[in-house]
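Structure file data.pdb (PDB, C-alpha atoms and all ligand atoms) is printed below.
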MODEL        1
ATOM      1  CA  MET A   1      80.360  79.257   8.582
ATOM      2  CA  PRO A   2      78.496  78.267   5.397
ATOM      3  CA  SER A   3      75.166  76.461   5.679
ATOM      4  CA  TYR A   4      74.939  72.695   5.519
ATOM      5  CA  GLY A   5      73.514  72.905   1.987
ATOM      6  CA  GLU A   6      76.274  75.197   0.743
ATOM      7  CA  LEU A   7      78.917  72.855   2.100
ATOM      8  CA  VAL A   8      77.391  69.726   0.636
ATOM      9  CA  ASP A   9      76.688  71.384  -2.739
ATOM     10  CA  THR A  10      80.365  71.973  -3.259
ATOM     11  CA  VAL A  11      81.580  68.673  -1.856
ATOM     12  CA  GLU A  12      82.755  67.356  -5.226
ATOM     13  CA  ARG A  13      85.624  69.826  -5.182
ATOM     14  CA  TRP A  14      86.841  68.508  -1.894
ATOM     15  CA  ARG A  15      87.254  64.893  -2.851
ATOM     16  CA  GLU A  16      90.987  65.205  -3.156
ATOM     17  CA  LEU A  17      91.616  62.632  -0.473
ATOM     18  CA  PRO A  18      90.583  59.119  -1.463
ATOM     19  CA  ALA A  19      87.618  57.446   0.205
ATOM     20  CA  LEU A  20      85.043  54.864  -0.737
ATOM     21  CA  GLU A  21      82.397  56.412  -3.016
ATOM     22  CA  ARG A  22      80.842  53.255  -4.392
ATOM     23  CA  ILE A  23      81.418  49.512  -4.314
ATOM     24  CA  ASP A  24      82.769  47.856  -7.425
ATOM     25  CA  SER A  25      81.387  44.350  -7.108
ATOM     26  CA  GLY A  26      78.089  42.665  -6.306
ATOM     27  CA  ASP A  27      74.502  43.408  -7.176
ATOM     28  CA  ALA A  28      73.385  45.299  -4.057
ATOM     29  CA  ALA A  29      73.578  48.898  -2.851
ATOM     30  CA  ALA A  30      73.909  50.450   0.618
ATOM     31  CA  LEU A  31      71.618  52.913   2.371
ATOM     32  CA  THR A  32      73.471  55.042   4.913
ATOM     33  CA  PHE A  33      71.944  57.402   7.487
ATOM     34  CA  ASP A  34      74.025  60.209   9.033
ATOM     35  CA  ASP A  35      73.795  62.473  12.104
ATOM     36  CA  GLY A  36      71.966  60.291  14.677
ATOM     37  CA  PRO A  37      71.165  58.601  16.897
ATOM     38  CA  ASP A  38      68.274  60.980  17.480
ATOM     39  CA  PRO A  39      64.996  60.158  19.242
ATOM     40  CA  ASP A  40      63.195  62.543  16.855
ATOM     41  CA  GLY A  41      64.248  60.697  13.723
ATOM     42  CA  THR A  42      65.983  57.373  14.276
ATOM     43  CA  PRO A  43      63.033  55.318  15.643
ATOM     44  CA  ALA A  44      60.851  56.112  12.606
ATOM     45  CA  VAL A  45      63.714  55.245  10.250
ATOM     46  CA  LEU A  46      64.339  51.962  12.106
ATOM     47  CA  ASP A  47      60.665  51.044  11.867
ATOM     48  CA  ALA A  48      60.556  51.888   8.156
ATOM     49  CA  LEU A  49      63.665  49.775   7.505
ATOM     50  CA  ASP A  50      62.171  46.843   9.430
ATOM     51  CA  ALA A  51      58.916  47.117   7.502
ATOM     52  CA  ALA A  52      60.829  47.085   4.214
ATOM     53  CA  GLY A  53      63.185  44.283   5.303
ATOM     54  CA  ILE A  54      66.272  46.459   4.785
ATOM     55  CA  LYS A  55      69.475  46.508   6.855
ATOM     56  CA  ALA A  56      71.423  49.767   6.648
ATOM     57  CA  THR A  57      74.460  51.617   7.982
ATOM     58  CA  PHE A  58      74.130  54.478  10.493
ATOM     59  CA  PHE A  59      77.007  56.979  10.647
ATOM     60  CA  VAL A  60      76.601  58.209  14.216
ATOM     61  CA  VAL A  61      77.867  61.446  15.794
ATOM     62  CA  GLY A  62      79.752  61.059  19.086
ATOM     63  CA  GLU A  63      77.849  63.768  20.965
ATOM     64  CA  GLN A  64      74.539  62.258  19.839
ATOM     65  CA  LEU A  65      75.762  58.821  20.858
ATOM     66  CA  MET A  66      76.599  60.054  24.368
ATOM     67  CA  ARG A  67      73.005  61.242  24.828
ATOM     68  CA  HIS A  68      71.197  58.403  23.077
ATOM     69  CA  HIS A  69      73.379  55.318  23.402
ATOM     70  CA  ALA A  70      70.381  53.021  23.986
ATOM     71  CA  LEU A  71      69.046  54.000  20.583
ATOM     72  CA  ALA A  72      72.369  53.136  18.970
ATOM     73  CA  ARG A  73      72.350  49.732  20.640
ATOM     74  CA  GLU A  74      68.783  49.226  19.455
ATOM     75  CA  ALA A  75      69.892  49.829  15.866
ATOM     76  CA  LEU A  76      72.610  47.226  16.316
ATOM     77  CA  GLY A  77      70.128  44.806  17.878
ATOM     78  CA  ARG A  78      67.855  45.222  14.882
ATOM     79  CA  GLY A  79      70.649  44.097  12.585
ATOM     80  CA  HIS A  80      72.051  47.392  11.338
ATOM     81  CA  GLU A  81      75.649  48.511  11.139
ATOM     82  CA  LEU A  82      77.023  51.531  13.016
ATOM     83  CA  ALA A  83      79.875  53.653  11.738
ATOM     84  CA  LEU A  84      81.506  56.941  12.794
ATOM     85  CA  HIS A  85      80.668  60.508  11.734
ATOM     86  CA  GLY A  86      82.840  62.590  14.090
ATOM     87  CA  PHE A  87      82.235  63.766  17.646
ATOM     88  CA  GLU A  88      80.871  67.322  17.274
ATOM     89  CA  HIS A  89      79.848  67.302  13.603
ATOM     90  CA  VAL A  90      82.329  70.039  12.787
ATOM     91  CA  GLU A  91      83.930  70.452   9.408
ATOM     92  CA  HIS A  92      87.423  69.111   9.984
ATOM     93  CA  GLY A  93      89.088  71.718   7.782
ATOM     94  CA  THR A  94      88.054  74.410  10.278
ATOM     95  CA  LEU A  95      89.839  72.669  13.171
ATOM     96  CA  SER A  96      93.494  72.813  14.125
ATOM     97  CA  PRO A  97      95.516  69.738  13.129
ATOM     98  CA  GLN A  98      95.306  68.455  16.692
ATOM     99  CA  GLY A  99      91.648  69.449  16.959
ATOM    100  CA  ALA A 100      90.755  67.331  13.922
ATOM    101  CA  ARG A 101      92.600  64.331  15.341
ATOM    102  CA  ASP A 102      90.995  64.848  18.742
ATOM    103  CA  ASP A 103      87.488  64.969  17.274
ATOM    104  CA  LEU A 104      88.004  61.599  15.621
ATOM    105  CA  ALA A 105      89.620  59.992  18.657
ATOM    106  CA  ARG A 106      86.880  61.312  20.928
ATOM    107  CA  ALA A 107      84.199  59.975  18.587
ATOM    108  CA  LEU A 108      85.891  56.591  18.530
ATOM    109  CA  GLY A 109      86.028  56.522  22.343
ATOM    110  CA  ALA A 110      82.318  57.368  22.597
ATOM    111  CA  PHE A 111      81.486  54.695  20.045
ATOM    112  CA  GLU A 112      83.420  51.968  21.851
ATOM    113  CA  ALA A 113      81.977  52.974  25.242
ATOM    114  CA  ALA A 114      78.400  52.925  23.934
ATOM    115  CA  THR A 115      78.532  49.790  21.840
ATOM    116  CA  GLY A 116      81.499  47.708  23.016
ATOM    117  CA  ARG A 117      82.532  47.520  19.365
ATOM    118  CA  LYS A 118      85.047  49.135  17.077
ATOM    119  CA  PRO A 119      83.646  50.803  13.955
ATOM    120  CA  ARG A 120      85.026  49.958  10.529
ATOM    121  CA  PHE A 121      84.040  53.103   8.611
ATOM    122  CA  PHE A 122      84.307  56.870   9.071
ATOM    123  CA  ARG A 123      82.510  59.532   7.032
ATOM    124  CA  PRO A 124      83.675  63.094   7.736
ATOM    125  CA  PRO A 125      80.958  65.688   8.448
ATOM    126  CA  TYR A 126      80.006  67.508   5.211
ATOM    127  CA  GLY A 127      82.131  64.970   3.318
ATOM    128  CA  ARG A 128      85.260  66.967   4.006
ATOM    129  CA  PHE A 129      88.484  65.720   5.496
ATOM    130  CA  SER A 130      91.451  67.757   6.576
ATOM    131  CA  GLU A 131      94.850  66.237   5.849
ATOM    132  CA  HIS A 132      95.153  65.613   9.562
ATOM    133  CA  SER A 133      91.796  63.942  10.068
ATOM    134  CA  PHE A 134      92.439  61.828   6.972
ATOM    135  CA  ARG A 135      95.711  60.598   8.450
ATOM    136  CA  ALA A 136      94.124  60.106  11.874
ATOM    137  CA  CYS A 137      91.443  58.003  10.226
ATOM    138  CA  ALA A 138      94.123  55.693   8.830
ATOM    139  CA  ASP A 139      96.050  55.668  12.119
ATOM    140  CA  LEU A 140      92.891  54.590  13.961
ATOM    141  CA  GLY A 141      92.227  51.793  11.466
ATOM    142  CA  LEU A 142      89.076  53.397  10.059
ATOM    143  CA  GLU A 143      88.112  53.172   6.388
ATOM    144  CA  PRO A 144      87.062  56.550   4.903
ATOM    145  CA  VAL A 145      83.685  56.708   3.137
ATOM    146  CA  TYR A 146      81.923  59.360   1.031
ATOM    147  CA  TRP A 147      78.808  58.483  -1.013
ATOM    148  CA  SER A 148      77.704  58.090  -4.622
ATOM    149  CA  SER A 149      74.222  59.621  -4.367
ATOM    150  CA  TRP A 150      71.944  61.395  -1.929
ATOM    151  CA  GLY A 151      68.322  62.259  -1.227
ATOM    152  CA  MET A 152      69.042  65.947  -0.460
ATOM    153  CA  ASP A 153      67.150  65.328   2.768
ATOM    154  CA  TRP A 154      69.031  68.017   4.666
ATOM    155  CA  GLU A 155      66.500  70.301   2.993
ATOM    156  CA  GLU A 156      62.781  70.462   3.599
ATOM    157  CA  ILE A 157      61.604  68.288   0.710
ATOM    158  CA  PRO A 158      58.883  65.613   0.619
ATOM    159  CA  ALA A 159      59.441  61.862   0.841
ATOM    160  CA  GLU A 160      58.512  61.388  -2.820
ATOM    161  CA  ARG A 161      61.273  63.766  -3.943
ATOM    162  CA  ILE A 162      63.851  62.125  -1.664
ATOM    163  CA  ALA A 163      62.941  58.708  -3.057
ATOM    164  CA  GLU A 164      63.030  60.017  -6.638
ATOM    165  CA  LEU A 165      66.545  61.427  -6.206
ATOM    166  CA  VAL A 166      67.805  58.246  -4.542
ATOM    167  CA  THR A 167      66.143  55.821  -6.978
ATOM    168  CA  ARG A 168      67.506  57.666 -10.014
ATOM    169  CA  ASP A 169      71.061  56.640  -9.120
ATOM    170  CA  LEU A 170      70.308  53.400  -7.300
ATOM    171  CA  THR A 171      72.525  51.026  -9.246
ATOM    172  CA  PRO A 172      74.566  48.084  -7.873
ATOM    173  CA  GLY A 173      77.409  49.408  -5.764
ATOM    174  CA  ALA A 174      75.708  52.714  -4.919
ATOM    175  CA  ILE A 175      76.290  54.249  -1.486
ATOM    176  CA  VAL A 176      73.272  56.409  -0.672
ATOM    177  CA  LEU A 177      73.482  59.312   1.783
ATOM    178  CA  LEU A 178      70.404  60.019   3.929
ATOM    179  CA  HIS A 179      69.883  61.528   7.397
ATOM    180  CA  ASP A 180      68.000  60.195  10.430
ATOM    181  CA  SER A 181      68.373  63.465  12.367
ATOM    182  CA  THR A 182      67.652  67.153  11.751
ATOM    183  CA  ARG A 183      70.159  68.316  14.346
ATOM    184  CA  TYR A 184      72.718  69.664  11.871
ATOM    185  CA  ALA A 185      70.344  70.668   9.052
ATOM    186  CA  PRO A 186      67.663  73.337   8.736
ATOM    187  CA  ARG A 187      64.646  71.090   8.027
ATOM    188  CA  PRO A 188      62.007  70.670  10.754
ATOM    189  CA  SER A 189      61.545  66.878  10.685
ATOM    190  CA  ALA A 190      63.242  63.659   9.590
ATOM    191  CA  ARG A 191      59.840  62.121   8.921
ATOM    192  CA  PRO A 192      60.113  62.484   5.101
ATOM    193  CA  THR A 193      63.316  60.425   5.177
ATOM    194  CA  ALA A 194      61.588  57.632   7.100
ATOM    195  CA  GLU A 195      58.665  57.755   4.678
ATOM    196  CA  ALA A 196      61.013  57.627   1.692
ATOM    197  CA  VAL A 197      62.413  54.244   2.790
ATOM    198  CA  ALA A 198      59.324  52.301   1.652
ATOM    199  CA  LEU A 199      59.410  54.091  -1.726
ATOM    200  CA  ILE A 200      63.138  53.400  -2.176
ATOM    201  CA  ALA A 201      62.544  49.717  -1.356
ATOM    202  CA  LYS A 202      60.224  49.512  -4.378
ATOM    203  CA  ALA A 203      63.220  50.081  -6.684
ATOM    204  CA  GLY A 204      63.803  46.343  -6.383
ATOM    205  CA  ILE A 205      67.555  46.405  -5.749
ATOM    206  CA  ALA A 206      68.967  44.534  -2.744
ATOM    207  CA  LEU A 207      70.001  46.952   0.011
ATOM    208  CA  LYS A 208      72.604  45.880   2.568
ATOM    209  CA  PRO A 209      74.826  47.481   5.209
ATOM    210  CA  LEU A 210      78.072  48.823   3.766
ATOM    211  CA  GLY A 211      80.165  46.233   5.608
ATOM    212  CA  GLY A 212      78.056  43.469   4.071
ATOM    213  CA  LEU A 213      79.047  44.587   0.571
ATOM    214  CA  LEU A 214      82.817  44.604   1.061
TER
HETATM  215 ZN    ZN B   1      76.430  64.808   8.904
ENDMDL
END
Hey, can you dump this file as structure tokens for me?
Amino acid sequence: MPSYGELVDTVERWRELPALERIDSGDAAALTFDDGPDPDGTPAVLDALDAAGIKATFFVVGEQLMRHHALAREALGRGHELALHGFEHVEHGTLSPQGARDDLARALGAFEAATGRKPRFFRPPYGRFSEHSFRACADLGLEPVYWSSWGMDWEEIPAERIAELVTRDLTPGAIVLLHDSTRYAPRPSARPTAEAVALIAKAGIALKPLGGLL
């Protein structure tokens, strides 16, 4: 199994199946946080977003949601949007056709049980669909999402560097990929991501949840 970084570095080659990469209209952009909810990272990110007056989208992992459902509901209560990011955070291309469908269905079940809501968006782990998970996504009424830019915060880099990478491509319609958990990445802490939020807010562009832009 390649590392998280190796997978994400080569993601451009995998975008053969269509998914939302940026939004065509409006003057705002979306911050999205993957891999939570996680008590080690999500609370600091929520506090940073509140302090900056930003509402964002959290792509949650089913197994994380099962453990930390109160944290997911807190994010909702604080005005953020929740979306789906699989159940076990496995790369769908490594699963059997049925396994890929099952991962998505299981994640959806966990999401509905924890929140009482149905998600609108799904982002596959590592940005990679299999044909089967792509079709399952459509069958389940979920809209597939990739991203237009990222803060490379799966690596151990400081908040200033994360903010620099994000701000460079922060134009209207951008969908920014960040992470509020270290569970599936090698870095020791999600703190730099939380600290980057205040720096990103200084870019002066309106930041809204993905669903608020479509
Ligand atoms: Zn992820």
**OP:** Return as a ChimeraX atom specification the residues of protein, DNA or RNA that approach ligand ZN 1 (chain B) to within 10 Å, with all atoms listed in the file taken into account.
**Re:** /A:4,8,33-36,59-61,85-86,88-91,123-127,154,177-185
Original post:
Which one is closest to Ala110 (chain A): A:Asp24, A:Glu63, A:Glu164, A:Glu16? Count all atoms listed in the file.
Top reply: A:Glu63
**OP:** Report the residues retrieved by the PyMOL selection byres (((chain A and resi 92-104) around 7) and not hetatm) from the displayed file, expressed as number ranges by chain.
**Re:** A: 86-87, 90-91, 105-108, 128-130, 132-133, 136
Write to file, as a CSV table (one decimal), in the coordinates of the input, the residues of the selection just made, with C-alpha atoms.
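For reference, out35.csv as written:
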chain,number,residue,atom,x,y,z
A,86,GLY,CA,82.8,62.6,14.1
A,87,PHE,CA,82.2,63.8,17.6
A,90,VAL,CA,82.3,70.0,12.8
A,91,GLU,CA,83.9,70.5,9.4
A,105,ALA,CA,89.6,60.0,18.7
A,106,ARG,CA,86.9,61.3,20.9
A,107,ALA,CA,84.2,60.0,18.6
A,108,LEU,CA,85.9,56.6,18.5
A,128,ARG,CA,85.3,67.0,4.0
A,129,PHE,CA,88.5,65.7,5.5
A,130,SER,CA,91.5,67.8,6.6
A,132,HIS,CA,95.2,65.6,9.6
A,133,SER,CA,91.8,63.9,10.1
A,136,ALA,CA,94.1,60.1,11.9
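Rounded to one decimal, CA of Leu199 (chain A) and CA of Ala51 (chain A) lie 11.6 Å from each other.
Minimum atom-to-atom distance to Ala56 (chain A), evaluated using only C-alpha atoms, belongs to A:Val197 out of A:Pro18, A:Val197, A:Gly204, A:Arg120.
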**OP:** Take CA of Leu214 (chain A) and CA of Arg161 (chain A) and report the distance between them in Å, one decimal.
**Re:** 29.3 Å
**OP:** Work out how far apart CA of Leu210 (chain A) and CA of Arg67 (chain A) are and give it in Å to one decimal.
**Re:** 25.0 Å
**OP:** Identify all residues satisfying the PyMOL selection byres (((chain A and resi 168) around 10) and not hetatm) in the given file; provide them as JSON, numbers by chain.
**Re:** {"A": [149, 150, 151, 163, 164, 165, 166, 167, 169, 170, 171, 200, 203]}
**OP:** Write out as number ranges by chain which residues come within 9 Å of Gly211 (chain A) when counting all atoms listed in the file, dropping same-chain ones fewer than 6 positions away.
**Re:** A: 57, 81, 120-121
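Candidate residues A:Gly77, A:Pro119, A:Pro188, A:Pro172 were compared for distance to Asp50 (chain A), and the nearest is A:Gly77, using only C-alpha atoms.
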Could you model N, CA, C and O atoms for region 105-131 of chain A and present them as a short mmCIF file (atom, residue, chain, number, x, y, z; two decimals), in the coordinates of the input?
data_model
loop_
_atom_site.label_atom_id
_atom_site.label_comp_id
_atom_site.auth_asym_id
_atom_site.auth_seq_id
_atom_site.Cartn_x
_atom_site.Cartn_y
_atom_site.Cartn_z
N ALA A 105 89.29 60.89 17.54
CA ALA A 105 89.62 59.99 18.66
C ALA A 105 88.52 60.00 19.71
O ALA A 105 88.16 58.95 20.27
N ARG A 106 87.96 61.18 19.96
CA ARG A 106 86.88 61.31 20.93
C ARG A 106 85.63 60.57 20.44
O ARG A 106 84.93 59.91 21.22
N ALA A 107 85.35 60.68 19.16
CA ALA A 107 84.20 59.98 18.59
C ALA A 107 84.40 58.46 18.71
O ALA A 107 83.47 57.73 19.06
N LEU A 108 85.60 58.02 18.44
CA LEU A 108 85.89 56.59 18.53
C LEU A 108 85.71 56.10 19.96
O LEU A 108 85.13 55.03 20.20
N GLY A 109 86.19 56.89 20.94
CA GLY A 109 86.03 56.52 22.34
C GLY A 109 84.56 56.42 22.74
O GLY A 109 84.15 55.48 23.43
N ALA A 110 83.76 57.38 22.29
CA ALA A 110 82.32 57.37 22.60
C ALA A 110 81.66 56.15 21.97
O ALA A 110 80.79 55.51 22.57
N PHE A 111 82.06 55.83 20.76
CA PHE A 111 81.49 54.70 20.05
C PHE A 111 81.78 53.39 20.80
O PHE A 111 80.87 52.58 21.03
N GLU A 112 83.03 53.22 21.18
CA GLU A 112 83.42 51.97 21.85
C GLU A 112 82.76 51.86 23.22
O GLU A 112 82.35 50.77 23.64
N ALA A 113 82.63 52.99 23.93
CA ALA A 113 81.98 52.97 25.24
C ALA A 113 80.50 52.63 25.13
O ALA A 113 79.95 51.90 25.95
N ALA A 114 79.85 53.13 24.08
CA ALA A 114 78.40 52.92 23.93
C ALA A 114 78.06 51.55 23.40
O ALA A 114 77.02 50.99 23.74
N THR A 115 78.91 51.02 22.55
CA THR A 115 78.53 49.79 21.84
C THR A 115 79.40 48.59 22.18
O THR A 115 79.03 47.46 21.87
N GLY A 116 80.57 48.82 22.77
CA GLY A 116 81.50 47.71 23.02
C GLY A 116 82.13 47.19 21.73
O GLY A 116 82.74 46.12 21.72
N ARG A 117 81.98 47.94 20.66
CA ARG A 117 82.53 47.52 19.36
C ARG A 117 83.44 48.59 18.80
O ARG A 117 83.39 49.74 19.21
N LYS A 118 84.22 48.18 17.79
CA LYS A 118 85.05 49.14 17.08
C LYS A 118 84.44 49.34 15.70
O LYS A 118 84.13 48.37 15.01
N PRO A 119 84.22 50.58 15.29
CA PRO A 119 83.65 50.80 13.96
C PRO A 119 84.66 50.51 12.86
O PRO A 119 85.87 50.61 13.07
N ARG A 120 84.15 50.18 11.69
CA ARG A 120 85.03 49.96 10.53
C ARG A 120 85.16 51.21 9.66
O ARG A 120 86.20 51.46 9.08
N PHE A 121 84.09 52.00 9.58
CA PHE A 121 84.04 53.10 8.61
C PHE A 121 83.92 54.46 9.29
O PHE A 121 83.31 54.60 10.35
N PHE A 122 84.46 55.48 8.63
CA PHE A 122 84.31 56.87 9.07
C PHE A 122 83.92 57.73 7.87
O PHE A 122 84.55 57.66 6.81
N ARG A 123 82.87 58.53 8.05
CA ARG A 123 82.51 59.53 7.03
C ARG A 123 82.66 60.90 7.68
O ARG A 123 82.02 61.19 8.70
N PRO A 124 83.49 61.77 7.12
CA PRO A 124 83.68 63.09 7.74
C PRO A 124 82.42 63.94 7.58
O PRO A 124 81.74 63.86 6.55
N PRO A 125 82.09 64.76 8.59
CA PRO A 125 80.96 65.69 8.45
C PRO A 125 81.12 66.55 7.19
O PRO A 125 82.23 67.00 6.89
N TYR A 126 80.03 66.74 6.46
CA TYR A 126 80.01 67.51 5.21
C TYR A 126 80.88 66.88 4.11
O TYR A 126 81.18 67.52 3.11
N GLY A 127 81.32 65.64 4.33
CA GLY A 127 82.13 64.97 3.32
C GLY A 127 83.51 65.57 3.14
O GLY A 127 84.14 65.42 2.11
N ARG A 128 83.98 66.28 4.16
CA ARG A 128 85.26 66.97 4.01
C ARG A 128 86.27 66.56 5.09
O ARG A 128 86.04 66.79 6.27
N PHE A 129 87.35 66.02 4.62
CA PHE A 129 88.48 65.72 5.50
C PHE A 129 89.42 66.91 5.57
O PHE A 129 89.47 67.73 4.65
N SER A 130 90.21 67.00 6.63
CA SER A 130 91.45 67.76 6.58
C SER A 130 92.56 66.71 6.39
O SER A 130 92.34 65.52 6.62
N GLU A 131 93.71 67.17 5.98
CA GLU A 131 94.85 66.24 5.85
C GLU A 131 95.07 65.48 7.15
O GLU A 131 95.37 64.30 7.17
#
